[in-house]
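Taking it in order: structure first as structure tokens, then the write-up.
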Amino acid sequence: MDNLFKIKILKPGLFSSLQDLGRVGHQDAGIPFSGAMDKEAHKIANELLDNPHATPTIEMTLCGAELEFEGVGQIAITGADMNAKLNDKPMPMYQTIDIKSRDRLSFHRVESGCRTYLAARGEWSGTEWLSSFSTISNLLKVDGIPEQLQSNQSIEIRTSNFIEQRTYPKTARPIYTSSYILRVVTGPEFEQFSIDQIQSFFDKVFEVSADSNRMGYRLKGAIKDYKPLREEISSGIVEGTVQVTSAGEPIILAADAQTTGGYPRIANVVTEDLSIVAQMKAGDEVRFMLVGLADL
Amino acid sequence: MHIQPFGDKALLVSFEKKIDPEINQQVINLYHTLKASAKFTFLTPAYCSLTVGIDRSRFTINEATELIKELASQPPTNQSVYVREFTIPVCYEGDFAPDMHEVSEITGLDPKEIIALHKAQEFRVYMLGFVAGFAYLGTLPDQLACPRKKTPRKSVPQGSVGLAGHQTGIYPVNAPGGWQIIGQTPVQMFDTTREEPNLLFAGDKVKFRAISEDEFKLILLKEETGIYHTEAKHG
């Protein structure tokens with residue numbers, strides 16, 4: 001652990017935060033899962049550097065950060081393409097990149113998708129809470145874990161060695177569009193919905209609302225003739241749970257969602273497709289497709 | 001008890017759909033049993049259901065279902081028999097109780113009667129949720145039941161004690177919300193610097209004790225300096 005590598009945040013971008021695999025196991029205390037929204041992109045970025053999956057990454061949203069490095073290190077970027085430039089030259093994604101001291105990396109607006117992940121080889125130091133570096137929704141304040149990265153904040157990473165360059169195959173990289181189909185399995189309250197309502201849920205092209213964030217994705221477009229039957233007794237929520245509000249509009253719950261809720265849960269996005277949810281942005285179109293658990 | 005898949009890496013165990021102390025105790029018993037087994041990734045107990053996280057690299061959905069059934073048939077663990085009783089001091093006066101007047105109008109009770117009813121009873125923590133550490137307590141007597149505020153507040157101060165339907169609850173942090181606020185506790189319900197951030201867990205018993213503004217300030221000072229001892233009984 002002799003090499004010290006520092007990432008200095010010059011400008012944090014629209015919404016950038018440190019994320020890892022979150023706080024799975026503390027939901028009995030009402031603590032959200034947290035962690036990277038696009039866990040697949042987060043894991044690939046770490047794999048390109050031979051880091052454990054639980055190593056933090058910087059998650060950037062829609063418009064990325066400007067950074068300066070101190071010391072030598074290795075980094076990788078995955079997820080949405082934010083036109084990353086290393087010292088003003090285009091920087092390739094999905095591969096190990098060597099960094100020298102004083103290199104500058106800048107991210108811009110997303111070309112497609114929503115979230116970009118920056119990983120760096122080694123052990124990150126910083127404030128952890130319940131064994132996670134992940135930020136927490138704005139309601140909960142933990143000393144040393146700001147909700148977003150701040151200008152002039154420095155992150156220290158220690159490494160003992162470097163690795164040979166790795167590249168993630170082009171054919172395996174995700175393609176982001178503005179129209180998605182999400183695979184879902186039936187949710188606990190699926191059978192409370194009428195055949196017409198279920199048909200409408202799978203027929204409709206919903207639009208991602210601007211009022212979407214790490215807690216959940218609100219969709220525009222109500223299920224036909226929806227009237228809530230009764231107030232549900234609050235029950236658990238998992239990542240990808242699709243709730244239907246009293247107005248008939250679906251919400252896809254995400255990493256920072258509360259742990260319980262009282263709206264009927266019509267469906268649940270399959271784990272693999274949560275990485276697609278994380279890359280949807282306001283105005284994108286989304287449809288649901290029912291699959292059986294046996295198909296997964 | 002009914003077990004069904006919930007997404008592709010969790011199971012939902014449902015009991016009779018009712019807010020009832022005995023049904024909730026079944027949830028809590030199963031929660032403690034599954035927790036003690038250390039075979040699941042997370043557990044979210046609620047009023048009459050338990051969400052169980054499955055590590056799919058260890059179990060298939062069917063294997064996990066069978067495992068829960070097997071564990072559920074065993075006698076409850078010591079943990080679930082062990083009841084923790086807390087007394088939470090609350091100041092029901094002045095600015096600490098911004099909705100006392102509204103609750104008085106809705107229920108037809110005067111503030112003295114409202115306070116007397118609220119502190120007379122021992123409540124049960126049915127579940128945690130909404131925000132980290134928020135405990136849902138029940139059940140309020142019918143006379144005290146009142147609907148949520150028409151327009152929720154953008155921010156309810158930490159420690160506020162509210163009413164909603166037949167439930168009462170304490171805001172662990174500043175949070176938006178529509179509960180009718182009738183008092184505030186100086187006790188830290190949730191503190192991220194503690195090893196166990198939550199004061200209350202599902203299954204705990206809670207009684208409220210009325211305090212003056214002066215005592216509120218004194219307890220708050222003790223909390224801030226780390227010398228406050230929670231009023232609790234265990235056994």
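FYI, nothing fancy with the structure tokens labels: chains A, B, ... in order, residues from 1 per chain, ligands from 1 as they appear.
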Set out as a tab-separated table a contact list for chain A and chain B with a cut-off of 9 Å, giving each residue of chain A that qualifies its closest atom pair and distance in Å to one decimal, counting only C-alpha atoms, ordered by chain and rising residue number.
residue	atom	partner	partner_atom	distance
A:Val24	CA	B:Phe42	CA	6.0
A:Gly25	CA	B:Phe42	CA	4.1
A:His26	CA	B:Phe42	CA	6.8
A:Gln27	CA	B:Thr44	CA	5.4
A:Asp28	CA	B:Thr44	CA	4.8
A:Ala29	CA	B:Gly133	CA	5.7
A:Gly30	CA	B:Ala132	CA	4.4
A:Ile31	CA	B:Ala132	CA	4.6
A:Pro32	CA	B:Ala132	CA	7.3
A:Trp129	CA	B:Thr192	CA	7.7
A:Leu130	CA	B:Glu195	CA	8.7
A:Leu139	CA	B:Ala175	CA	6.1
A:Leu140	CA	B:Val173	CA	6.8
A:Lys141	CA	B:Thr192	CA	8.1
A:Val142	CA	B:Thr192	CA	6.2
A:Asp143	CA	B:Thr192	CA	8.4
A:Val184	CA	B:Gly7	CA	7.9
A:Val185	CA	B:Gly7	CA	6.2
A:Thr186	CA	B:Gly7	CA	7.6
A:Gly187	CA	B:Phe6	CA	6.3
A:Pro188	CA	B:Phe6	CA	6.7
A:Ile233	CA	B:Tyr47	CA	7.1
A:Ser234	CA	B:Ala46	CA	6.7
A:Ser235	CA	B:Ala46	CA	5.3
A:Gly236	CA	B:Thr51	CA	5.6
A:Ile237	CA	B:Thr51	CA	7.8
A:Val238	CA	B:Gly7	CA	7.7
A:Glu239	CA	B:Gly7	CA	8.6
A:Gly240	CA	B:Gly7	CA	7.7
A:Thr241	CA	B:Gly7	CA	7.4
A:Ala257	CA	B:Phe130	CA	9.0
A:Gln258	CA	B:Phe130	CA	5.4
A:Thr259	CA	B:Gly129	CA	5.7
A:Thr260	CA	B:Gly129	CA	5.4
A:Gly261	CA	B:Phe130	CA	7.3
A:Ala267	CA	B:Gly7	CA	7.8
A:Asn268	CA	B:Gly7	CA	5.0
A:Val269	CA	B:Gly7	CA	6.8
A:Val270	CA	B:Asp8	CA	6.1
A:Thr271	CA	B:Asp8	CA	6.7
A:Leu293	CA	B:Asp8	CA	6.7
A:Leu296	CA	B:Asp8	CA	8.1
Just write the chosen residues, C-alpha atoms, as a CSV table (one decimal), in the first residue's frame.
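Dumped everything to again_38.csv:
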chain,number,residue,atom,x,y,z
A,24,VAL,CA,-28.1,-4.6,2.6
A,25,GLY,CA,-29.1,-6.1,5.9
A,26,HIS,CA,-30.2,-3.0,7.8
A,27,GLN,CA,-33.7,-2.8,6.5
A,28,ASP,CA,-35.2,-4.0,9.8
A,29,ALA,CA,-34.1,-0.5,11.1
A,30,GLY,CA,-35.8,1.2,8.2
A,31,ILE,CA,-32.4,2.0,6.6
A,32,PRO,CA,-32.5,2.2,2.8
A,129,TRP,CA,-21.4,4.2,7.9
A,130,LEU,CA,-22.7,0.7,8.5
A,139,LEU,CA,-33.3,13.2,5.0
A,140,LEU,CA,-30.5,11.4,6.9
A,141,LYS,CA,-27.3,13.3,7.8
A,142,VAL,CA,-24.2,11.3,8.6
A,143,ASP,CA,-21.1,13.3,9.6
A,184,VAL,CA,-41.0,-7.7,-14.6
A,185,VAL,CA,-42.4,-10.5,-12.4
A,186,THR,CA,-45.8,-10.2,-10.8
A,187,GLY,CA,-45.8,-8.3,-7.5
A,188,PRO,CA,-47.6,-9.2,-4.2
A,233,ILE,CA,-51.3,-2.0,5.2
A,234,SER,CA,-47.6,-0.9,4.9
A,235,SER,CA,-45.3,-3.7,3.8
A,236,GLY,CA,-41.7,-4.2,2.6
A,237,ILE,CA,-40.2,-2.8,-0.6
A,238,VAL,CA,-37.3,-4.1,-2.6
A,239,GLU,CA,-35.3,-2.5,-5.4
A,240,GLY,CA,-37.4,-2.6,-8.5
A,241,THR,CA,-40.8,-2.8,-6.8
A,257,ALA,CA,-36.3,4.2,-1.6
A,258,GLN,CA,-37.9,3.9,1.8
A,259,THR,CA,-38.0,0.3,3.1
A,260,THR,CA,-41.8,0.0,3.4
A,261,GLY,CA,-44.7,1.4,1.5
A,267,ALA,CA,-44.9,-5.9,-10.3
A,268,ASN,CA,-41.2,-6.1,-9.7
A,269,VAL,CA,-38.4,-5.3,-12.2
A,270,VAL,CA,-36.0,-8.2,-12.5
A,271,THR,CA,-32.6,-7.7,-11.0
A,293,LEU,CA,-39.4,-16.5,-12.4
A,296,LEU,CA,-34.7,-16.0,-15.2
Task: Every residue of stretch 78-210 of chain B that DSSP places in helix (DSSP H, G or I), as a PyMOL selection string - done: chain B and resi 78-81+94-96+100-107+111-120+142-144
Please save N, CA, C and O atoms of the selected residues as a compact mmCIF listing (two decimals), in the first residue's frame.
# COMPACT_ATOMS: atom_id res chain seq x y z
N ASN B 78 -35.12 -16.96 21.97
CA ASN B 78 -35.17 -16.16 23.20
C ASN B 78 -35.42 -14.70 22.89
O ASN B 78 -36.10 -14.00 23.61
N GLN B 79 -34.82 -14.24 21.77
CA GLN B 79 -34.92 -12.83 21.40
C GLN B 79 -36.36 -12.34 21.33
O GLN B 79 -36.67 -11.24 21.73
N SER B 80 -37.25 -13.20 20.77
CA SER B 80 -38.61 -12.72 20.57
C SER B 80 -39.43 -12.78 21.85
O SER B 80 -40.47 -12.15 21.97
N VAL B 81 -38.96 -13.56 22.82
CA VAL B 81 -39.68 -13.64 24.09
C VAL B 81 -39.31 -12.44 24.98
O VAL B 81 -40.07 -11.96 25.79
N GLY B 94 -47.17 24.17 23.90
CA GLY B 94 -46.76 25.28 23.03
C GLY B 94 -46.33 24.88 21.64
O GLY B 94 -47.01 24.12 20.95
N ASP B 95 -45.15 25.40 21.23
CA ASP B 95 -44.65 25.19 19.87
C ASP B 95 -44.32 23.73 19.58
O ASP B 95 -44.16 23.34 18.42
N PHE B 96 -44.18 22.92 20.64
CA PHE B 96 -43.89 21.50 20.42
C PHE B 96 -45.12 20.76 19.90
O PHE B 96 -45.02 19.64 19.44
N MET B 100 -52.09 20.55 18.12
CA MET B 100 -52.96 20.21 19.27
C MET B 100 -54.36 20.78 19.07
O MET B 100 -55.36 20.09 19.33
N HIS B 101 -54.43 22.02 18.55
CA HIS B 101 -55.72 22.67 18.36
C HIS B 101 -56.57 21.91 17.33
O HIS B 101 -57.74 21.63 17.55
N GLU B 102 -55.91 21.54 16.20
CA GLU B 102 -56.62 20.83 15.13
C GLU B 102 -57.11 19.46 15.62
O GLU B 102 -58.25 19.05 15.35
N VAL B 103 -56.25 18.76 16.36
CA VAL B 103 -56.63 17.44 16.88
C VAL B 103 -57.80 17.60 17.86
O VAL B 103 -58.73 16.79 17.87
N SER B 104 -57.75 18.68 18.61
CA SER B 104 -58.82 18.97 19.57
C SER B 104 -60.15 19.16 18.83
O SER B 104 -61.19 18.64 19.23
N GLU B 105 -60.09 19.90 17.71
CA GLU B 105 -61.31 20.13 16.91
C GLU B 105 -61.83 18.84 16.29
O GLU B 105 -63.04 18.59 16.27
N ILE B 106 -60.90 18.02 15.78
CA ILE B 106 -61.31 16.77 15.11
C ILE B 106 -61.91 15.78 16.11
O ILE B 106 -62.93 15.16 15.84
N THR B 107 -61.26 15.67 17.27
CA THR B 107 -61.66 14.61 18.21
C THR B 107 -62.72 15.09 19.20
O THR B 107 -63.38 14.27 19.84
N PRO B 111 -57.15 19.54 25.06
CA PRO B 111 -55.76 19.09 25.10
C PRO B 111 -55.43 18.21 26.29
O PRO B 111 -54.70 17.22 26.16
N LYS B 112 -55.98 18.55 27.48
CA LYS B 112 -55.70 17.74 28.68
C LYS B 112 -56.12 16.29 28.48
O LYS B 112 -55.41 15.36 28.85
N GLU B 113 -57.33 16.12 27.87
CA GLU B 113 -57.84 14.76 27.64
C GLU B 113 -56.99 14.03 26.60
O GLU B 113 -56.74 12.83 26.71
N ILE B 114 -56.56 14.79 25.57
CA ILE B 114 -55.73 14.19 24.52
C ILE B 114 -54.43 13.66 25.13
O ILE B 114 -54.04 12.52 24.89
N ILE B 115 -53.79 14.50 25.94
CA ILE B 115 -52.51 14.11 26.56
C ILE B 115 -52.73 12.92 27.49
O ILE B 115 -51.98 11.94 27.46
N ALA B 116 -53.80 12.98 28.27
CA ALA B 116 -54.08 11.90 29.23
C ALA B 116 -54.25 10.57 28.48
O ALA B 116 -53.71 9.54 28.91
N LEU B 117 -54.99 10.60 27.37
CA LEU B 117 -55.20 9.37 26.60
C LEU B 117 -53.89 8.87 25.99
O LEU B 117 -53.60 7.69 25.97
N HIS B 118 -53.10 9.82 25.46
CA HIS B 118 -51.87 9.44 24.76
C HIS B 118 -50.84 8.83 25.70
O HIS B 118 -50.08 7.95 25.30
N LYS B 119 -50.83 9.28 26.97
CA LYS B 119 -49.81 8.74 27.87
C LYS B 119 -50.34 7.62 28.76
O LYS B 119 -49.58 7.01 29.50
N ALA B 120 -51.64 7.34 28.62
CA ALA B 120 -52.22 6.31 29.50
C ALA B 120 -51.83 4.91 29.06
O ALA B 120 -51.69 4.00 29.88
N ASP B 142 -60.02 4.72 19.68
CA ASP B 142 -60.87 5.36 18.66
C ASP B 142 -61.04 6.85 18.89
O ASP B 142 -61.03 7.63 17.93
N GLN B 143 -61.18 7.25 20.17
CA GLN B 143 -61.42 8.68 20.46
C GLN B 143 -60.27 9.56 19.96
O GLN B 143 -60.46 10.73 19.67
N LEU B 144 -59.06 9.00 19.87
CA LEU B 144 -57.89 9.79 19.53
C LEU B 144 -57.50 9.65 18.05
O LEU B 144 -56.64 10.37 17.55
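Residue-level DSSP output for stretch 128-240 of chain A, from the backbone, shows strand (DSSP E) at A:Ser154, A:Ile155, A:Glu156, A:Ile157, A:Arg158, A:Thr159, A:Ser179, A:Tyr180, A:Ile181, A:Leu182, A:Arg183, A:Val184, A:Val185, A:Thr186, A:Phe206, A:Glu207, A:Val208, A:Gly216, A:Tyr217, A:Arg218, A:Leu219, A:Lys220, A:Ser235, A:Gly236.
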Task: Spatial neighbours of B:Gln167, 12 Å, only C-alpha atoms, chain gap at least 3 places, as a list in words - done: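 Those residues are Ile233 of chain A; Ile19, Tyr47, His118, Phe123, Arg124, Val125, Tyr126, Met127, Ala135, Tyr136, Leu137, Gly138, Thr139, Leu140, Pro141, Asp142, Leu144, Ala145, Cys146, Pro147, Arg148, Val161, Gly162, Leu163, Ala164, Ile170, Trp179 and Gln180 of chain B.
Note that the spacing between atom CA of A:Lys100 and atom CA of A:Glu68 amounts to 10.1 Å.
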